[in-house]
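Participant: Below are the structure tokens for one structure; questions will follow.
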Amino acid sequence: MRDLAVAAAAMAVFTVAHAQDKPAAAPPPSWHQGKPPALGESTLHPFAPNLAGRSAKDLPTDKLKVPPGFKVEVWAEGIPEARSLARGEKGTVFVSNRLSKNVYAVVDRGGTREVKTILKGLNSPNGIAFSRGTLFVAERDKITRYDGIEGRLDNPGQGKVVVEGLDPTQQPGHYWKYLAMGPDGKLYFNIGAPGNIVMPNYTQASIMRVDPGKGVLENVALGVRNSVGFDWNPRTKELWFTNHGRDWLGDDSPNDTLHRVTSKGVHFGYPFCHQGDTLDPDYGKNRSCSEFAPPALKLGAHIAPLGMKFYTGKMFPAEYRNNIFIAMHGSWNRSTKQGYNVTRVVVNDKGKVIRSVPFLTGFLQDERGDPPMWGRPVDVLVMRDGALLVSDDYNGVIYRVSYGK
Amino acid sequence: MTAASATRRGAAIAFAALALGAASVAAADRDAGRRKAEVCAACHGPAGNSVNPAVPSIAGQPAQFVATELFLFREGNRKDPQMSAIAAGLSNGDLNDLAEYFAAERPAPPKHRTAPENAAAAPALAHKFNCVQCHGPELMGQQHIPRLAGQQPDYLLAQLKGFKAGTRADIDGNMTSAAQALSDQDIQVLVDYLAGLSSGN
């Protein structure tokens with residue numbers, strides 16, 4: 001994390017240099033940035049994962065609830081800070097992390113699972129995607145490919161850089177990336193805003209894509225504060241993504257959001273307009289929300305939607321087909337907590353949201369507690385048999401939701 | 001070897017007998033932690049109550065904090081000649097066992113005596129520089145954030161200087177950021193105050 005520390009230090013020095021005429025006060029951490037004086041005494045804070053993981057035996061997994069006919073169980077554990085999930089062609093499940101440096105592979109051996117550390121020493125390797133034998137890994141500054149990975153889990157080699165220079169300012173906030181392979185053969189990833197509510201530069205607060213054969217970047221979506229989950233609607237081929245709204249505007253504002261990208265380069269509002277209809281108290285002056293694309297769905301304030309997948313499996317009942325599952329990692333910036341679940345969003349043939357309903361719940365123990373939850377969903381993955389895997393970075397555990405039998 | 005250390009070493013054999021077919025990790029075990037902690041006492045003192053001003057007390061620290069720091073030493077994020085070597089051989093299960101053990105021990109009353117002028121000045125500094133925001137109103141720590149009350153002074157001094165210099169590992173950048181605003185005088189006052197502060201004993 002030295003790079004992160006250096007980045008934070010650089011940011012802090014910058015802040016101090018611009019505040020010389022004022023009494024020295026502590027520069028805010030990036031999550032603290034944008035906190036108004038009226039909330040100065042607020043003790044709300046983000047939650048850190050148990051980096052060494054926790055045993056499922058120490059967890060109240062009996063509290064987990066799924067709809068009738070479904071079953072939830074612990075699928076694998078001992079995967080520190082399990083974040084993004086990707087599935088190989090031969091059944092390997094790849095698992096990333098954000099605060100640490102490794103990529104893991106979970107190999108199923110006839111009902112028992114082996115956890116291997118396959119990559120070490122990476123720089124916040126939150127984003128992973130698998131396509132045609134290759135594992136792509138997005139670190140904070142670059143994307144690297146590891147070809148033929150499933151045949152060389154014990155010796156994946158150094159990998160080949162697809163594109164680098166993705167963190168030129170060593171930004172302090174939202175430096176981690178989500179990564180997914182699009183139906184067009186291009187890799188899609190986010191570059192988050194460098195703080196809670198700040199003016200981004202030309203590459204920040206965006207979703208971009210890169211052709212792995214060419215290494216040339218293109219803008220896909222702008223004004224996206226931080227997206228840590230996206231997928232393509234299997235019927236319309238449109239890109240959908242989740243987005244985190246800003247903090248410190250109160251318990252119920254703004255909503256975190258679900259979006260669809262109807263054309264390349266659309267602007268979704270950050271930092272001027274939030275949730276499609278709420279101008280920012282500072283950056284929204286002299287602007288109008290009407291110039292920005294509204295969300296497909298408001299998900300709840302500070303609920304922190306992360307990984308999302310359209311359900312393309314055959315195991316769940318037919319009405320689940322092409323629904324979206326979203327992992328809700330929060331909330332923390334809210335005095336009464338909500339979320340900490342996997343939510344199901346029903347979408348019709350034309351790509352219109354019909355309704356949303358919590359699907360996997362029970363992680364939230366005490367909505368006024370600190371911490372309020374015992375586990376935090378991060379990403380979802382549809383397995384070949386149609387079961388849904390859910391990662392939990394707070395405990396280093398992966399759960400499996402299945403139906404029937 | 002615990003099941004957890006087996007996991008770390010990639011040994012599939014430890015998983016074979018488990019219900020649901022899930023890879024399983026041993027539950028955190030305080031008694032196992034007590035046995036594993038015997039080596040720690042040489043520097044960290046009996047039950048983690050250090051008597052060396054340069055070595056931190058870990059008795060009564062939040063379990064998540066102890067496990068997190070051991071993890072950072074093991075993974076090479078945080079470096080120390082002794083701790084890096086010791087942590088290198090520990091499994092995730094070991095980290096959690098040690099964390100459970102130390103978290104349940106009682107912190108000894110601090111030997112340090114704070115100068116009266118620093119005792120008067122420091123609470124305002126602890127507020128101004130956001131110490132209480134994360135470490136709590138009594139500076140007792142929470143979750144992954146350590147107890148500062150009653151901590152050894154030379155250790156506190158070295159950490160704050162390290163954070164200010166950007167050389168001390170920091171999982172989220174918060175301490176590096178917070179330390180930038182501290183003058184050397186602020187650091188001296190805060191250290192003198194924290195080291196003499198009651199840790200609830």
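Chain labels run A, B, ... following the order of the structure tokens; each chain numbers its residues from 1, and ligands are numbered from 1 in the order shown.
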Contacts of Asn52 in chain B at 12 Å or less, counting only C-alpha atoms, minus same-chain residues fewer than 4 places along, as an NGL selection string?
Facilitator: :B and (41-46 or 48 or 56-57 or 110-112 or 151-155)
Participant: Pull the helix (DSSP H, G or I) assignments for range 24-175 of chain B out of DSSP run on the backbone, and list those residues as a ChimeraX atom specification.
Facilitator: /B:30-44,46-48,63-75,81-88,92-104,116-128,131-135,153-165,174-175
Participant: Just write the chosen residues, C-alpha atoms, as a tab-separated table (two decimals), in the first residue's frame.
Facilitator:
```tsv
chain	number	residue	atom	x	y	z
B	30	ARG	CA	-8.32	-17.97	21.89
B	31	ASP	CA	-6.61	-20.85	23.67
B	32	ALA	CA	-4.71	-21.75	20.53
B	33	GLY	CA	-3.81	-18.06	20.29
B	34	ARG	CA	-2.44	-18.13	23.84
B	35	ARG	CA	-0.08	-20.98	22.94
B	36	LYS	CA	0.98	-19.34	19.69
B	37	ALA	CA	1.58	-16.05	21.53
B	38	GLU	CA	4.33	-17.42	23.75
B	39	VAL	CA	6.98	-16.12	21.38
B	40	CYS	CA	5.39	-12.63	21.35
B	41	ALA	CA	5.99	-12.04	25.07
B	42	ALA	CA	9.74	-11.64	24.61
B	43	CYS	CA	9.17	-8.19	23.13
B	44	HIS	CA	5.50	-7.34	23.74
B	46	PRO	CA	3.40	-10.60	29.48
B	47	ALA	CA	-0.03	-11.04	27.85
B	48	GLY	CA	0.89	-8.35	25.36
B	63	ALA	CA	-9.06	-8.20	17.39
B	64	GLN	CA	-9.56	-6.91	13.87
B	65	PHE	CA	-6.69	-4.46	14.35
B	66	VAL	CA	-4.26	-7.16	15.57
B	67	ALA	CA	-5.13	-9.50	12.69
B	68	THR	CA	-4.91	-6.66	10.16
B	69	GLU	CA	-1.43	-5.58	11.25
B	70	LEU	CA	-0.13	-9.15	11.29
B	71	PHE	CA	-1.59	-9.58	7.80
B	72	LEU	CA	0.15	-6.41	6.59
B	73	PHE	CA	3.47	-7.59	8.05
B	74	ARG	CA	3.08	-11.00	6.45
B	75	GLU	CA	2.13	-9.63	3.04
B	81	PRO	CA	12.95	-6.46	10.89
B	82	GLN	CA	11.44	-8.64	13.61
B	83	MET	CA	7.73	-8.60	12.83
B	84	SER	CA	8.11	-9.23	9.10
B	85	ALA	CA	10.09	-12.37	9.82
B	86	ILE	CA	7.73	-13.60	12.52
B	87	ALA	CA	4.57	-12.94	10.51
B	88	ALA	CA	5.95	-14.59	7.38
B	92	ASN	CA	-4.71	-16.72	8.37
B	93	GLY	CA	-5.95	-18.95	11.17
B	94	ASP	CA	-2.88	-18.11	13.25
B	95	LEU	CA	-3.55	-14.40	12.77
B	96	ASN	CA	-7.14	-14.76	13.96
B	97	ASP	CA	-6.19	-16.96	16.93
B	98	LEU	CA	-3.56	-14.45	18.06
B	99	ALA	CA	-6.00	-11.59	17.56
B	100	GLU	CA	-8.68	-13.29	19.67
B	101	TYR	CA	-6.18	-13.96	22.43
B	102	PHE	CA	-4.69	-10.46	22.65
B	103	ALA	CA	-8.07	-8.74	22.30
B	104	ALA	CA	-9.33	-10.58	25.37
B	116	PRO	CA	0.08	18.66	33.19
B	117	GLU	CA	0.34	21.27	30.41
B	118	ASN	CA	0.09	18.55	27.76
B	119	ALA	CA	-2.84	16.90	29.54
B	120	ALA	CA	-4.61	20.26	29.34
B	121	ALA	CA	-3.76	21.01	25.71
B	122	ALA	CA	-4.01	17.60	24.06
B	123	PRO	CA	-7.77	16.89	24.09
B	124	ALA	CA	-8.37	19.88	21.82
B	125	LEU	CA	-5.61	18.65	19.49
B	126	ALA	CA	-7.06	15.14	19.43
B	127	HIS	CA	-10.32	16.69	18.30
B	128	LYS	CA	-8.83	19.19	15.85
B	131	CYS	CA	-7.93	11.45	16.22
B	132	VAL	CA	-11.23	10.90	18.03
B	133	GLN	CA	-13.12	10.56	14.73
B	134	CYS	CA	-11.73	7.09	14.15
B	135	HIS	CA	-10.01	6.03	17.38
B	153	PRO	CA	5.35	6.61	23.91
B	154	ASP	CA	8.40	5.86	21.77
B	155	TYR	CA	6.30	3.55	19.63
B	156	LEU	CA	3.61	6.20	19.15
B	157	LEU	CA	6.24	8.78	18.25
B	158	ALA	CA	7.82	6.52	15.63
B	159	GLN	CA	4.44	5.70	14.05
B	160	LEU	CA	3.29	9.33	13.81
B	161	LYS	CA	6.61	10.38	12.31
B	162	GLY	CA	6.38	7.48	9.87
B	163	PHE	CA	2.85	8.40	8.82
B	164	LYS	CA	3.89	12.02	8.36
B	165	ALA	CA	6.84	10.94	6.22
B	174	ASN	CA	-6.23	7.87	6.38
B	175	MET	CA	-3.39	8.11	8.90
```
Participant: Give me, as number ranges by chain, all polymer residues having an atom no more than 12 Å from Trp232 in chain A, counting only C-alpha atoms and skipping those fewer than 2 positions away in the same chain.
Facilitator: A: 180-184, 188, 229-230, 234-242, 259-262, 308-312, 322-324, 351
Participant: With only C-alpha atoms as the atoms that count, which of A:Pro372, A:Gly151, A:Pro49, A:Gly91 lies nearest to chain B?
Facilitator: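 Of A:Pro372, A:Gly151, A:Pro49, A:Gly91, the one nearest chain B, counting only C-alpha atoms, is A:Pro49.
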Participant: One number please: CA of Leu360 in chain A to CA of Val342 in chain A, in Å, one decimal.
Facilitator: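 Taking CA of Leu360 in chain A as the start and CA of Val342 in chain A as the end point, the length is 4.9 Å.
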